[in-house]
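Asker: Below is the structure I would like to discuss, written out as structure tokens.
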Amino acid sequence: MDFSAPHQRIGSLCTLALLLEVSATPKPGLVDRLGSGAHTDMDFSTFLASAAAIAPYFSACAQEGLQLRQVDGASLGRIRPLGVSCEKAMFAATGGVNTHKGAIFSLGILACAAGHCCRQGDLSPEAVCAAASVIAAPALEDFSAPAPEGETKGRRLYRSRGVSGIRGEAAEGFPSVRRWALPVLRELSAGDMPENHRHLQALLHLMANVQDTNLLARGGTEGLEYVRATARRALELGGALTPEGMDFLRTLDLEYTRRNLSPGGCADLLAAAIFLHRLPTLFRERSRL
């Protein structure tokens, strides 16, 4: 197997993004290296097992993208069977626990978009997100289509509140990632701040601004607004960039866990941001070898 092939490198970066996201510590209410947050059915090892099981599918999505002369409404249909198989591999590895369903959707689409953009010679986040938007647009039709496996939390939230969640985020070209997370990663990458702290800081900006459907499902509007307000307070204290901010994050982890609040949608967007931030340099570094 040629691991220098573009689709292999894109797929490996998707897996790395998942590993870096779950490793960022401390993440309030979320699984990290020190605890499970508000999740009683999974831990750090569960996430590692899941990431290992689903890794090959991202390379396959990227390979599909490399074969596309253009992205259009039919592109999603080419990778959807891969997504279904990927979810089955995840559940088999985790004993039925949903660790990465949202990330499989978002990173699968981004991997396909990156494969196509690699063919076009432009792997900037702007180009990849534009391609991802076209690929993901048909996914919004899922909300009006019959649910073969019953109603999901995402469908119920769309019907009751008009919140489109990760489908809408992808169909719009990941605006929350581009507006809130990528600028933080870019700014902090120029300094000597540990990567763990950069990722936490980007996560806080997402938590302070994103309408996270996981939070809405667990805590309703009150829970969502509580997380947004406390994330803004953490940023006022310096977030992951100051000792005071880090202490507050540890306090929030206890409080979110007590309230059963988990900003899982923001965690998926953080993984997407890490992928997009690293993607252009991944290929530039390879060309210098």
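Here's how to read the names in the structure tokens: chain A, B, ... by the order shown, residue numbers from 1 in each chain, ligand numbers from 1 in the order shown.
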Assign secondary structure with DSSP using the backbone only, and return the residues of range 51-224 of chain A in helix (DSSP H, G or I) as a VMD selection string.
Answerer: chain A and resid 51 to 66 75 to 94 101 to 120 125 to 143 153 to 161 165 to 171 175 to 189 195 to 209 213 to 224
Asker: Quick one: residues within 12 Å of Ser189 in chain A, only C-alpha atoms counted, chain neighbours fewer than 4 positions away excluded, as a count of residues only?
Answerer: 16
Asker: I want to know what sits within 7 Å of range 170-180 of chain A, based on only C-alpha atoms, with residues of the same chain fewer than 4 positions away left out; could you give that as a PDB file with C-alpha atoms, in the first residue's frame?
Answerer:
```
ATOM      1  CA  SER A 106     -18.418  15.752   8.385  1.00  0.00           C
ATOM      2  CA  CYS A 129     -15.232  23.989   2.263  1.00  0.00           C
ATOM      3  CA  ALA A 130     -16.752  25.284  -0.979  1.00  0.00           C
ATOM      4  CA  ALA A 132     -17.865  20.244   0.717  1.00  0.00           C
ATOM      5  CA  SER A 133     -20.878  22.561   0.549  1.00  0.00           C
ATOM      6  CA  VAL A 134     -21.833  21.249  -2.887  1.00  0.00           C
ATOM      7  CA  ALA A 136     -23.316  17.982   1.367  1.00  0.00           C
ATOM      8  CA  ALA A 137     -26.261  20.001   0.007  1.00  0.00           C
ATOM      9  CA  ILE A 166     -24.137  19.072  11.140  1.00  0.00           C
ATOM     10  CA  HIS A 205     -14.847  29.730  20.690  1.00  0.00           C
ATOM     11  CA  LEU A 206     -17.094  27.116  19.095  1.00  0.00           C
ATOM     12  CA  VAL A 210     -22.466  27.342  17.914  1.00  0.00           C
ATOM     13  CA  LEU A 269     -16.402  20.806  14.451  1.00  0.00           C
ATOM     14  CA  ALA A 273     -11.071  22.569  12.006  1.00  0.00           C
TER      15      ALA A 273
END
```
Asker: Find the residues around Gly95 in chain A up to 10 Å (only C-alpha atoms counted), leave out those fewer than 3 positions away in its own chain, and share them as a list in words.
Answerer: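 Listing them by chain and then by number gives Asp41, Met42, Thr46, Ser50, Met90, Phe91, Ala92 and Asn98 of chain A.
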Asker: Got time to write the residues from that selection, N, CA and C atoms, as a compact mmCIF listing (two decimals), in the first residue's frame?
Answerer:
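Dumped everything to out-v1.txt:
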```txt
# COMPACT_ATOMS: atom_id res chain seq x y z
N ASP A 41 -21.21 5.87 28.84
CA ASP A 41 -21.09 4.64 28.05
C ASP A 41 -19.82 4.59 27.20
N MET A 42 -18.90 5.53 27.42
CA MET A 42 -17.68 5.55 26.62
C MET A 42 -16.56 6.22 27.40
N THR A 46 -12.44 3.87 24.29
CA THR A 46 -13.52 3.64 23.33
C THR A 46 -13.31 4.47 22.08
N SER A 50 -12.59 3.22 18.25
CA SER A 50 -13.46 3.68 17.17
C SER A 50 -12.66 4.33 16.05
N MET A 90 -17.73 1.28 13.22
CA MET A 90 -17.65 1.99 14.49
C MET A 90 -18.43 1.24 15.57
N PHE A 91 -19.68 0.88 15.26
CA PHE A 91 -20.49 0.19 16.26
C PHE A 91 -19.91 -1.18 16.63
N ALA A 92 -19.31 -1.85 15.66
CA ALA A 92 -18.69 -3.14 15.96
C ALA A 92 -17.51 -2.98 16.90
N ASN A 98 -22.20 5.08 20.05
CA ASN A 98 -22.01 6.09 19.02
C ASN A 98 -20.93 7.08 19.46
```
